[in-house]
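Here's the structure, in structure tokens; my notes come after.
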Protein chains: 2
Amino acid sequence: MKELGIGIIGFGTVGAGVADCLLKNGDVIAKRTGVKPVIKKIADLDIVRDRGVKVPAGVLTTDAMEAIDQCDVIVELVGGTTFAKTIILEALKRGKPVVTANKALLAKFGEELFEAAEKSGTDIFYEASVGGGIPIIKSLREGLVGNRINRIYGILNGTCNYILTRMERDQADFKEVLADAQKLGYAEANPSLDVDGFDTAHKATIMASLAYGEWFGMDPVYVEGITDITLEEIKLTDELGYKIKLLAIIKQNDGNVEVRVHPTLIPKQSMLAKVGDVFNAVMVNGDFIGDTMFYGRGAGRNATASAVVADITDVCLNLKFESNRRIPGFTAGNLYENVLSIDKVKSRYYLSLQVVDLPGVLAKITNILAAHSISISSVVQKERKDAEHVSLVILTHLCEESNMKAAIAEISRLSDVLNKVKFIRIEDL
Amino acid sequence: MKELGIGIIGFGTVGAGVADCLLKNGDVIAKRTGVKPVIKKIADLDIVRDRGVKVPAGVLTTDAMEAIDQCDVIVELVGGTTFAKTIILEALKRGKPVVTANKALLAKFGEELFEAAEKSGTDIFYEASVGGGIPIIKSLREGLVGNRINRIYGILNGTCNYILTRMERDQADFKEVLADAQKLGYAEANPSLDVDGFDTAHKATIMASLAYGEWFGMDPVYVEGITDITLEEIKLTDELGYKIKLLAIIKQNDGNVEVRVHPTLIPKQSMLAKVGDVFNAVMVNGDFIGDTMFYGRGAGRNATASAVVADITDVCLNLKFESNRRIPGFTAGNLYENVLSIDKVKSRYYLSLQVVDLPGVLAKITNILAAHSISISSVVQKERKDAEHVSLVILTHLCEESNMKAAIAEISRLSDVLNKVKFIRIEDL
């Protein structure tokens, strides 16, 4: 049986998971595929600390280049966008296929990296970069290859989904739940990458590129995080039949592409709304397959290892059959010129206002919306409990975001409106 | 660009869908993969009827062998287990790869067909045979290749899931909903293949074979359909926090394999319980990935076409790179000797009884259960409304089915028990 030498660079949590998976399940992989991935080198600055994985003698090295030179498949699990990039480029230069889980790197330098792979006639595999263990990259590239992709909705950040789920379940504030998530290890000490939506955006641009066959990068992606979501809003939207999720939204309509990440109201009864805690899910709508959803753990040592090992196996099969670039990587294109700016996006909206409890206020607000061609789908005004203001929630039909923003600016100038008018976009899935 | 000639045999609903998909999306497939599948022949006895697909001149033929001889890839969409088998064997004999959606054929003759493919050094692809458009076969074979599969739960028959969903939603009887489903085209005039569980069992055995790498066939599969599920049971189990689904259950424990299909109580809050109407879903638990779920349309012209076209594309890539048998087919094995008979399976149970409303009845029943080492997790006895009997529902902890059946036989002999004691297995997922 063909054996291939795997070089793992970065022996952190995921690196240890990958080594563990290859050591424990190498025999079933061999039985299933006829190739056997064998760990030849693991490179890390620290080769002393116990990772709970029994690595064969002679495998550990502090020299990443040694791993690159001696192995057939290079697995980059260093993280970050500097040394990781160097490693990948060095491997590709030598014609060696690369497996990576590094979404930030791909999102930032994808075009350069995929070009380097093309030039060397080899591949970059990146299943673990989106959705953790979920085989969504393979499914999009191969399983749904016969479809034009109409739209993709993704819950792609476990930390955010955990926080939003806990806020709802425990009726707790964002800050309180975040602190708890940090204690439990579900959120970083500096949570910005997650809660500000950038991690989701990295994954969104990778999926958009897969869906539409060209590299988008981060520039055209609109990003908004969950830090402004209040418990009050979660309660109000729940009453209206919606849940708030941080969604990656990718769409194509008449050549216009949307790639955006923001908190989104989705119907409570939808499958996607039922994805709770740290789980991820991706709902894809293709012109032939219709709606299909992929669900699983979006992060963590073992789930991520599962995806990395699937890539390693694919690469091994390519090496066995000399079928490198079996499926081409991304090509440069100009589709990103067609990515709509957020102001041009059409959406339904949830508006939340605090207004004085006087006659005529609702009329003023609805007149402004009408003047901007915004049609209202429902209004909830709750009786005031104590203060002089009342809560007003308005759901709209589809309108262009620029109109909505203009209307909100005008509404905000009304002396009857006491708060900064908040809006959240709605997707009916 | 490499073009490959596709021969479709069987121009029914799915055949028309596949032709439609290749004609509409051949260009994106070519862009994504670098190969172009081109329809060269479509064989059917009826080449006159309009299928709503504009097929190029010269493509239609009534001669299946002409398609086999002239095409690179043979797509069997005839259905049934006689002529379909002949076609596939003829194609394989000529070393031509085959794509099929025919689960009944694979379940019945899989071992013979996969042996023939191996002998000719070519492949049978069968994504559409399980879960319609959902890329579950590719995900199990490739995406989860690094995992030992602990268990698989599948809702694999749209007709049954539609009937159970409607019974619950409309509080209607099985017969009533079945009649309606037949009117709507969701159920066949003779619904046995679906409602008696055999279609699900065909899919279960294919997935079991994928999970465990050997061909199982139908012999060791336990099958029970949904025809005995009453509205009363749906109501009772709902109150207890469960939904009834027709599940395919595949498990491995210490070398013992379970492959079974039967109505199953699953917790209402589980993702699988939320899969409604005609949708299918497969929940896979692997030792590294943990729980992951795949959801989508399990049948229908276009969803099925999506899966068939994905297979066609894979075959085209194999032909381009001369990588036939990139991933080996099933091998003969003896794991099926380890498939537990249903009597050896351990499960939790739901028992439903009608008993006379007299002192001591519950004691008699619980004594019998205890004598068979069956421990009770909950009991619900409702106050009688009119009749002299009361409804008694008992949920048990895990016990071996042989014990449960012995206990039920004994309970049934009590003169206090007025109905045929019903039991449904429970999975806590």
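Following the order of the structure tokens, first chain is A, next is B, and so on, with residues numbered from 1 inside each chain and ligands from 1 in the order they appear.
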
Considering only C-alpha atoms, return as a PDB file with N, CA and C atoms, in the first residue's frame whatever protein or nucleic-acid residues lie within 9 Å of Tyr295 of chain A, sequence-local ones (same chain, fewer than 5 positions apart) excluded.
ATOM      1  N   GLY A 131     -16.329  25.993   9.283  1.00  0.00           N
ATOM      2  CA  GLY A 131     -17.256  25.019   9.864  1.00  0.00           C
ATOM      3  C   GLY A 131     -16.599  23.870  10.596  1.00  0.00           C
ATOM      4  N   ILE A 134     -17.307  19.998   9.933  1.00  0.00           N
ATOM      5  CA  ILE A 134     -18.332  19.837   8.892  1.00  0.00           C
ATOM      6  C   ILE A 134     -17.688  19.827   7.501  1.00  0.00           C
ATOM      7  N   VAL A 275     -30.116  25.862  15.565  1.00  0.00           N
ATOM      8  CA  VAL A 275     -28.701  25.553  15.786  1.00  0.00           C
ATOM      9  C   VAL A 275     -28.236  26.348  16.996  1.00  0.00           C
ATOM     10  N   PHE A 279     -22.465  25.080  18.257  1.00  0.00           N
ATOM     11  CA  PHE A 279     -22.568  24.414  16.959  1.00  0.00           C
ATOM     12  C   PHE A 279     -22.604  25.415  15.805  1.00  0.00           C
ATOM     13  N   ASN A 280     -22.120  24.957  14.677  1.00  0.00           N
ATOM     14  CA  ASN A 280     -22.157  25.707  13.430  1.00  0.00           C
ATOM     15  C   ASN A 280     -23.121  25.037  12.466  1.00  0.00           C
ATOM     16  N   ALA A 281     -23.595  25.793  11.505  1.00  0.00           N
ATOM     17  CA  ALA A 281     -24.386  25.184  10.437  1.00  0.00           C
ATOM     18  C   ALA A 281     -24.325  26.066   9.206  1.00  0.00           C
ATOM     19  N   VAL A 282     -24.412  25.429   8.071  1.00  0.00           N
ATOM     20  CA  VAL A 282     -24.425  26.150   6.803  1.00  0.00           C
ATOM     21  C   VAL A 282     -25.626  25.668   6.003  1.00  0.00           C
ATOM     22  N   MET A 283     -26.483  26.597   5.623  1.00  0.00           N
ATOM     23  CA  MET A 283     -27.637  26.280   4.786  1.00  0.00           C
ATOM     24  C   MET A 283     -27.316  26.773   3.376  1.00  0.00           C
TER      25      MET A 283
ATOM     26  N   MET B 283     -27.785  11.998  10.854  1.00  0.00           N
ATOM     27  CA  MET B 283     -26.922  12.425  11.957  1.00  0.00           C
ATOM     28  C   MET B 283     -25.832  11.371  12.113  1.00  0.00           C
ATOM     29  N   ASP B 291     -20.893  14.803  16.769  1.00  0.00           N
ATOM     30  CA  ASP B 291     -22.159  14.768  16.032  1.00  0.00           C
ATOM     31  C   ASP B 291     -22.140  15.731  14.862  1.00  0.00           C
ATOM     32  N   THR B 292     -22.565  15.270  13.723  1.00  0.00           N
ATOM     33  CA  THR B 292     -22.709  16.159  12.565  1.00  0.00           C
ATOM     34  C   THR B 292     -23.969  15.734  11.814  1.00  0.00           C
ATOM     35  N   MET B 293     -24.687  16.698  11.272  1.00  0.00           N
ATOM     36  CA  MET B 293     -25.943  16.360  10.617  1.00  0.00           C
ATOM     37  C   MET B 293     -26.010  16.927   9.210  1.00  0.00           C
ATOM     38  N   PHE B 294     -26.611  16.165   8.316  1.00  0.00           N
ATOM     39  CA  PHE B 294     -26.775  16.542   6.916  1.00  0.00           C
ATOM     40  C   PHE B 294     -28.267  16.521   6.618  1.00  0.00           C
ATOM     41  N   TYR B 295     -28.763  17.591   6.037  1.00  0.00           N
ATOM     42  CA  TYR B 295     -30.210  17.780   5.903  1.00  0.00           C
ATOM     43  C   TYR B 295     -30.546  18.257   4.503  1.00  0.00           C
TER      44      TYR B 295
END

Legend entry - Distance query segment 198-201 of chain B at most 6 Å, only C-alpha atoms, self and fewer than 3 positions along chain excluded, as JSON, numbers by chain: {"B": [156, 157, 193, 194, 204]}

Legend entry - Who sits within 10 Å of His202 of chain B, only C-alpha atoms, same chain under 4 positions skipped, as an NGL selection string: :B and (102-108 or 129-130 or 156 or 193 or 197-198 or 206-207 or 217-218 or 221 or 223 or 248 or 261)

Keeping only N, CA, C and O atoms, take the residues you just selected and write them out as a CSV table (one decimal), in the first residue's frame.
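After the write, again02.csv holds the following:
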chain,number,residue,atom,x,y,z
B,102,ASN,N,-30.1,3.7,-7.7
B,102,ASN,CA,-31.0,2.6,-7.5
B,102,ASN,C,-30.6,1.9,-6.2
B,102,ASN,O,-29.9,0.9,-6.1
B,103,LYS,N,-31.2,2.4,-5.1
B,103,LYS,CA,-30.9,1.8,-3.7
B,103,LYS,C,-31.4,0.3,-3.6
B,103,LYS,O,-30.8,-0.5,-3.0
B,104,ALA,N,-32.6,0.1,-4.2
B,104,ALA,CA,-33.2,-1.3,-4.1
B,104,ALA,C,-32.2,-2.3,-4.7
B,104,ALA,O,-31.9,-3.3,-4.2
B,105,LEU,N,-31.7,-1.9,-5.9
B,105,LEU,CA,-30.8,-2.8,-6.6
B,105,LEU,C,-29.5,-3.0,-5.9
B,105,LEU,O,-29.0,-4.1,-5.7
B,106,LEU,N,-28.9,-1.9,-5.3
B,106,LEU,CA,-27.7,-2.0,-4.6
B,106,LEU,C,-27.9,-2.8,-3.3
B,106,LEU,O,-27.1,-3.7,-3.0
B,107,ALA,N,-29.0,-2.6,-2.6
B,107,ALA,CA,-29.3,-3.3,-1.4
B,107,ALA,C,-29.4,-4.8,-1.7
B,107,ALA,O,-28.9,-5.7,-0.9
B,108,LYS,N,-30.0,-5.2,-2.8
B,108,LYS,CA,-30.2,-6.6,-3.1
B,108,LYS,C,-29.0,-7.2,-3.8
B,108,LYS,O,-28.6,-8.3,-3.4
B,129,SER,N,-28.5,7.4,-4.1
B,129,SER,CA,-29.2,6.2,-3.6
B,129,SER,C,-29.6,6.5,-2.1
B,129,SER,O,-30.5,5.8,-1.6
B,130,VAL,N,-29.0,7.4,-1.5
B,130,VAL,CA,-29.3,7.7,-0.1
B,130,VAL,C,-29.5,9.2,0.1
B,130,VAL,O,-28.6,10.0,-0.2
B,156,LEU,N,-34.8,8.8,6.4
B,156,LEU,CA,-34.4,8.6,5.0
B,156,LEU,C,-35.5,8.4,4.0
B,156,LEU,O,-35.3,8.2,2.9
B,193,LEU,N,-43.5,-0.1,0.1
B,193,LEU,CA,-42.0,0.1,0.0
B,193,LEU,C,-41.6,1.2,1.0
B,193,LEU,O,-40.6,1.1,1.7
B,197,GLY,N,-41.1,0.5,5.6
B,197,GLY,CA,-39.7,0.7,6.0
B,197,GLY,C,-38.6,0.1,5.1
B,197,GLY,O,-37.5,0.3,5.4
B,198,PHE,N,-39.1,-0.6,4.0
B,198,PHE,CA,-38.1,-1.3,3.2
B,198,PHE,C,-37.2,-0.3,2.5
B,198,PHE,O,-35.9,-0.5,2.3
B,206,ILE,N,-26.8,0.4,2.9
B,206,ILE,CA,-25.7,1.1,2.1
B,206,ILE,C,-24.9,1.9,3.1
B,206,ILE,O,-23.7,1.9,3.0
B,207,MET,N,-25.5,2.6,4.0
B,207,MET,CA,-24.7,3.5,4.9
B,207,MET,C,-24.0,2.6,5.9
B,207,MET,O,-22.8,3.0,6.2
B,217,GLY,N,-25.7,-6.1,2.8
B,217,GLY,CA,-26.9,-6.6,2.2
B,217,GLY,C,-28.1,-6.5,3.2
B,217,GLY,O,-28.0,-5.8,4.2
B,218,MET,N,-29.2,-7.1,2.8
B,218,MET,CA,-30.5,-6.8,3.5
B,218,MET,C,-30.7,-7.9,4.6
B,218,MET,O,-31.4,-7.6,5.6
B,221,VAL,N,-30.7,-6.9,8.4
B,221,VAL,CA,-31.3,-5.6,8.7
B,221,VAL,C,-32.7,-5.9,9.3
B,221,VAL,O,-33.5,-6.5,8.7
B,223,VAL,N,-36.3,-4.6,10.1
B,223,VAL,CA,-37.2,-3.6,9.5
B,223,VAL,C,-38.6,-3.6,10.1
B,223,VAL,O,-39.2,-4.7,10.1
B,248,ALA,N,-33.5,5.1,10.6
B,248,ALA,CA,-32.5,4.0,10.3
B,248,ALA,C,-31.4,4.2,11.4
B,248,ALA,O,-30.9,5.3,11.6
B,261,VAL,N,-34.2,-0.6,11.3
B,261,VAL,CA,-35.1,0.5,10.9
B,261,VAL,C,-36.4,0.3,11.6
B,261,VAL,O,-37.0,-0.8,11.5

Give one line per residue of chain B that approaches chain A to at most 8 Å, naming the two atoms of the closest pair and their distance in Å to one decimal, counting only C-alpha atoms; sort by chain then ascending residue number and deliver it as a tab-separated table.
residue	atom	partner	partner_atom	distance
B:Cys21	CA	A:Gly146	CA	6.9
B:Leu22	CA	A:Gly146	CA	7.5
B:Asn25	CA	A:Gly146	CA	6.3
B:Gly26	CA	A:Gly146	CA	7.6
B:Val28	CA	A:Arg148	CA	7.4
B:Ile29	CA	A:Gly146	CA	6.0
B:Lys31	CA	A:Gly213	CA	7.7
B:Arg32	CA	A:Gly213	CA	6.6
B:Thr33	CA	A:Ile327	CA	5.0
B:Gly34	CA	A:Ile327	CA	7.1
B:Gly133	CA	A:Ile289	CA	5.6
B:Ile134	CA	A:Thr292	CA	6.8
B:Pro135	CA	A:Gly143	CA	5.2
B:Lys138	CA	A:Gly143	CA	6.9
B:Ser139	CA	A:Pro135	CA	6.5
B:Arg141	CA	A:Arg32	CA	7.7
B:Glu142	CA	A:Ala310	CA	6.4
B:Gly143	CA	A:Pro135	CA	5.2
B:Leu144	CA	A:Ala310	CA	6.4
B:Val145	CA	A:Ala310	CA	5.8
B:Gly146	CA	A:Val309	CA	5.7
B:Asn147	CA	A:Asn25	CA	6.8
B:Arg148	CA	A:Asn25	CA	7.1
B:Gly213	CA	A:Arg32	CA	6.6
B:Met271	CA	A:Lys274	CA	7.1
B:Lys274	CA	A:Met271	CA	7.1
B:Val275	CA	A:Met271	CA	7.7
B:Phe288	CA	A:Asn302	CA	4.8
B:Ile289	CA	A:Ala303	CA	4.1
B:Gly290	CA	A:Ala303	CA	6.7
B:Asp291	CA	A:Gly296	CA	6.0
B:Thr292	CA	A:Gly296	CA	4.2
B:Met293	CA	A:Tyr295	CA	4.9
B:Phe294	CA	A:Phe294	CA	4.8
B:Tyr295	CA	A:Met293	CA	4.9
B:Gly296	CA	A:Thr292	CA	4.2
B:Arg297	CA	A:Thr292	CA	7.1
B:Asn302	CA	A:Phe288	CA	4.8
B:Ala303	CA	A:Ile289	CA	4.1
B:Thr304	CA	A:Ile289	CA	7.5
B:Ala305	CA	A:Phe288	CA	7.1
B:Ser306	CA	A:Ile289	CA	5.5
B:Ala307	CA	A:Gly143	CA	7.0
B:Val309	CA	A:Gly146	CA	5.7
B:Ala310	CA	A:Gly143	CA	5.5
B:Thr313	CA	A:Val145	CA	7.7
B:Asp314	CA	A:Glu142	CA	7.7
B:Leu317	CA	A:Arg326	CA	6.9
B:Phe321	CA	A:Ser323	CA	5.7
B:Glu322	CA	A:Phe321	CA	7.6
B:Ser323	CA	A:Phe321	CA	5.7
B:Arg326	CA	A:Leu317	CA	6.9
B:Ile327	CA	A:Thr33	CA	5.0
B:Pro328	CA	A:Thr33	CA	6.1

Export C-alpha atoms of the chosen residues as a PDB file, in the first residue's frame?
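File part-v2.pdb, as written:
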ATOM      1  CA  CYS B  21     -29.008  19.869 -14.913  1.00  0.00           C
ATOM      2  CA  LEU B  22     -26.196  18.921 -17.315  1.00  0.00           C
ATOM      3  CA  ASN B  25     -25.119  23.902 -15.572  1.00  0.00           C
ATOM      4  CA  GLY B  26     -22.549  22.121 -17.732  1.00  0.00           C
ATOM      5  CA  VAL B  28     -20.286  25.996 -14.333  1.00  0.00           C
ATOM      6  CA  ILE B  29     -19.258  22.381 -13.830  1.00  0.00           C
ATOM      7  CA  LYS B  31     -15.426  26.082 -14.874  1.00  0.00           C
ATOM      8  CA  ARG B  32     -15.236  24.522 -11.439  1.00  0.00           C
ATOM      9  CA  THR B  33     -13.577  21.256 -12.349  1.00  0.00           C
ATOM     10  CA  GLY B  34     -11.868  21.524 -15.707  1.00  0.00           C
ATOM     11  CA  GLY B 133     -29.531  15.481  -3.039  1.00  0.00           C
ATOM     12  CA  ILE B 134     -27.707  15.433   0.312  1.00  0.00           C
ATOM     13  CA  PRO B 135     -24.040  14.593  -0.327  1.00  0.00           C
ATOM     14  CA  LYS B 138     -19.337  11.548  -0.338  1.00  0.00           C
ATOM     15  CA  SER B 139     -19.298  12.921   3.197  1.00  0.00           C
ATOM     16  CA  ARG B 141     -16.556   8.137   2.231  1.00  0.00           C
ATOM     17  CA  GLU B 142     -14.346  11.205   2.091  1.00  0.00           C
ATOM     18  CA  GLY B 143     -15.347  14.035   4.412  1.00  0.00           C
ATOM     19  CA  LEU B 144     -15.424  11.813   7.497  1.00  0.00           C
ATOM     20  CA  VAL B 145     -12.739   9.376   6.298  1.00  0.00           C
ATOM     21  CA  GLY B 146     -10.630  10.039   9.407  1.00  0.00           C
ATOM     22  CA  ASN B 147     -13.341   8.883  11.794  1.00  0.00           C
ATOM     23  CA  ARG B 148     -14.420   5.600  13.220  1.00  0.00           C
ATOM     24  CA  GLY B 213     -16.271  -0.915   5.001  1.00  0.00           C
ATOM     25  CA  MET B 271     -32.004  18.551  15.773  1.00  0.00           C
ATOM     26  CA  LYS B 274     -36.946  19.110  13.923  1.00  0.00           C
ATOM     27  CA  VAL B 275     -36.647  17.527  10.489  1.00  0.00           C
ATOM     28  CA  PHE B 288     -13.261  12.708  16.126  1.00  0.00           C
ATOM     29  CA  ILE B 289     -15.954  14.848  14.514  1.00  0.00           C
ATOM     30  CA  GLY B 290     -18.583  14.172  17.198  1.00  0.00           C
ATOM     31  CA  ASP B 291     -22.159  14.768  16.032  1.00  0.00           C
ATOM     32  CA  THR B 292     -22.709  16.159  12.565  1.00  0.00           C
ATOM     33  CA  MET B 293     -25.943  16.360  10.617  1.00  0.00           C
ATOM     34  CA  PHE B 294     -26.775  16.542   6.916  1.00  0.00           C
ATOM     35  CA  TYR B 295     -30.210  17.780   5.903  1.00  0.00           C
ATOM     36  CA  GLY B 296     -32.052  18.273   2.642  1.00  0.00           C
ATOM     37  CA  ARG B 297     -34.566  16.967   0.154  1.00  0.00           C
ATOM     38  CA  ASN B 302     -34.019  18.087  -9.113  1.00  0.00           C
ATOM     39  CA  ALA B 303     -32.495  17.142  -5.771  1.00  0.00           C
ATOM     40  CA  THR B 304     -31.807  13.640  -7.044  1.00  0.00           C
ATOM     41  CA  ALA B 305     -30.353  15.091 -10.256  1.00  0.00           C
ATOM     42  CA  SER B 306     -27.971  17.200  -8.164  1.00  0.00           C
ATOM     43  CA  ALA B 307     -26.550  14.039  -6.576  1.00  0.00           C
ATOM     44  CA  VAL B 309     -24.543  15.011 -11.546  1.00  0.00           C
ATOM     45  CA  ALA B 310     -22.049  15.223  -8.666  1.00  0.00           C
ATOM     46  CA  THR B 313     -18.505  14.850 -12.363  1.00  0.00           C
ATOM     47  CA  ASP B 314     -16.453  12.668 -10.030  1.00  0.00           C
ATOM     48  CA  LEU B 317     -12.446  13.573 -13.061  1.00  0.00           C
ATOM     49  CA  PHE B 321      -6.759  11.644 -14.342  1.00  0.00           C
ATOM     50  CA  GLU B 322      -6.931   7.893 -14.975  1.00  0.00           C
ATOM     51  CA  SER B 323      -7.732   7.463 -11.317  1.00  0.00           C
ATOM     52  CA  ARG B 326      -9.545   6.225  -6.512  1.00  0.00           C
ATOM     53  CA  ILE B 327     -11.502   5.091  -3.501  1.00  0.00           C
ATOM     54  CA  PRO B 328     -12.136   1.365  -3.481  1.00  0.00           C
TER      55      PRO B 328
END

Inset, instruction - Would you kindly return, as a ChimeraX atom specification, each protein, DNA or RNA residue with an atom no farther than 12 Å from any atom of Asp180 of chain A, considering only C-alpha atoms and excluding same-chain residues fewer than 4 positions away? - result: /A:159,162-163,166-167,170,172-176,184-189

Would you save the residues of that selection, restricted to C-alpha atoms, as a compact mmCIF listing (two decimals), in the first residue's frame?
# COMPACT_ATOMS: atom_id res chain seq x y z
CA THR A 159 -18.41 31.72 20.33
CA TYR A 162 -22.92 30.23 22.23
CA ILE A 163 -23.30 33.78 23.56
CA ARG A 166 -27.05 31.66 26.42
CA MET A 167 -28.44 35.21 26.40
CA ASP A 170 -30.63 32.44 30.64
CA ALA A 172 -28.74 37.32 30.52
CA ASP A 173 -26.84 40.31 29.20
CA PHE A 174 -24.16 40.15 26.54
CA LYS A 175 -21.38 41.18 28.90
CA GLU A 176 -22.36 38.69 31.56
CA LEU A 184 -15.31 28.35 30.16
CA GLY A 185 -12.77 28.75 27.38
CA TYR A 186 -15.42 29.36 24.70
CA ALA A 187 -14.22 32.93 24.15
CA GLU A 188 -10.74 34.45 23.97
CA ALA A 189 -9.45 37.00 26.47
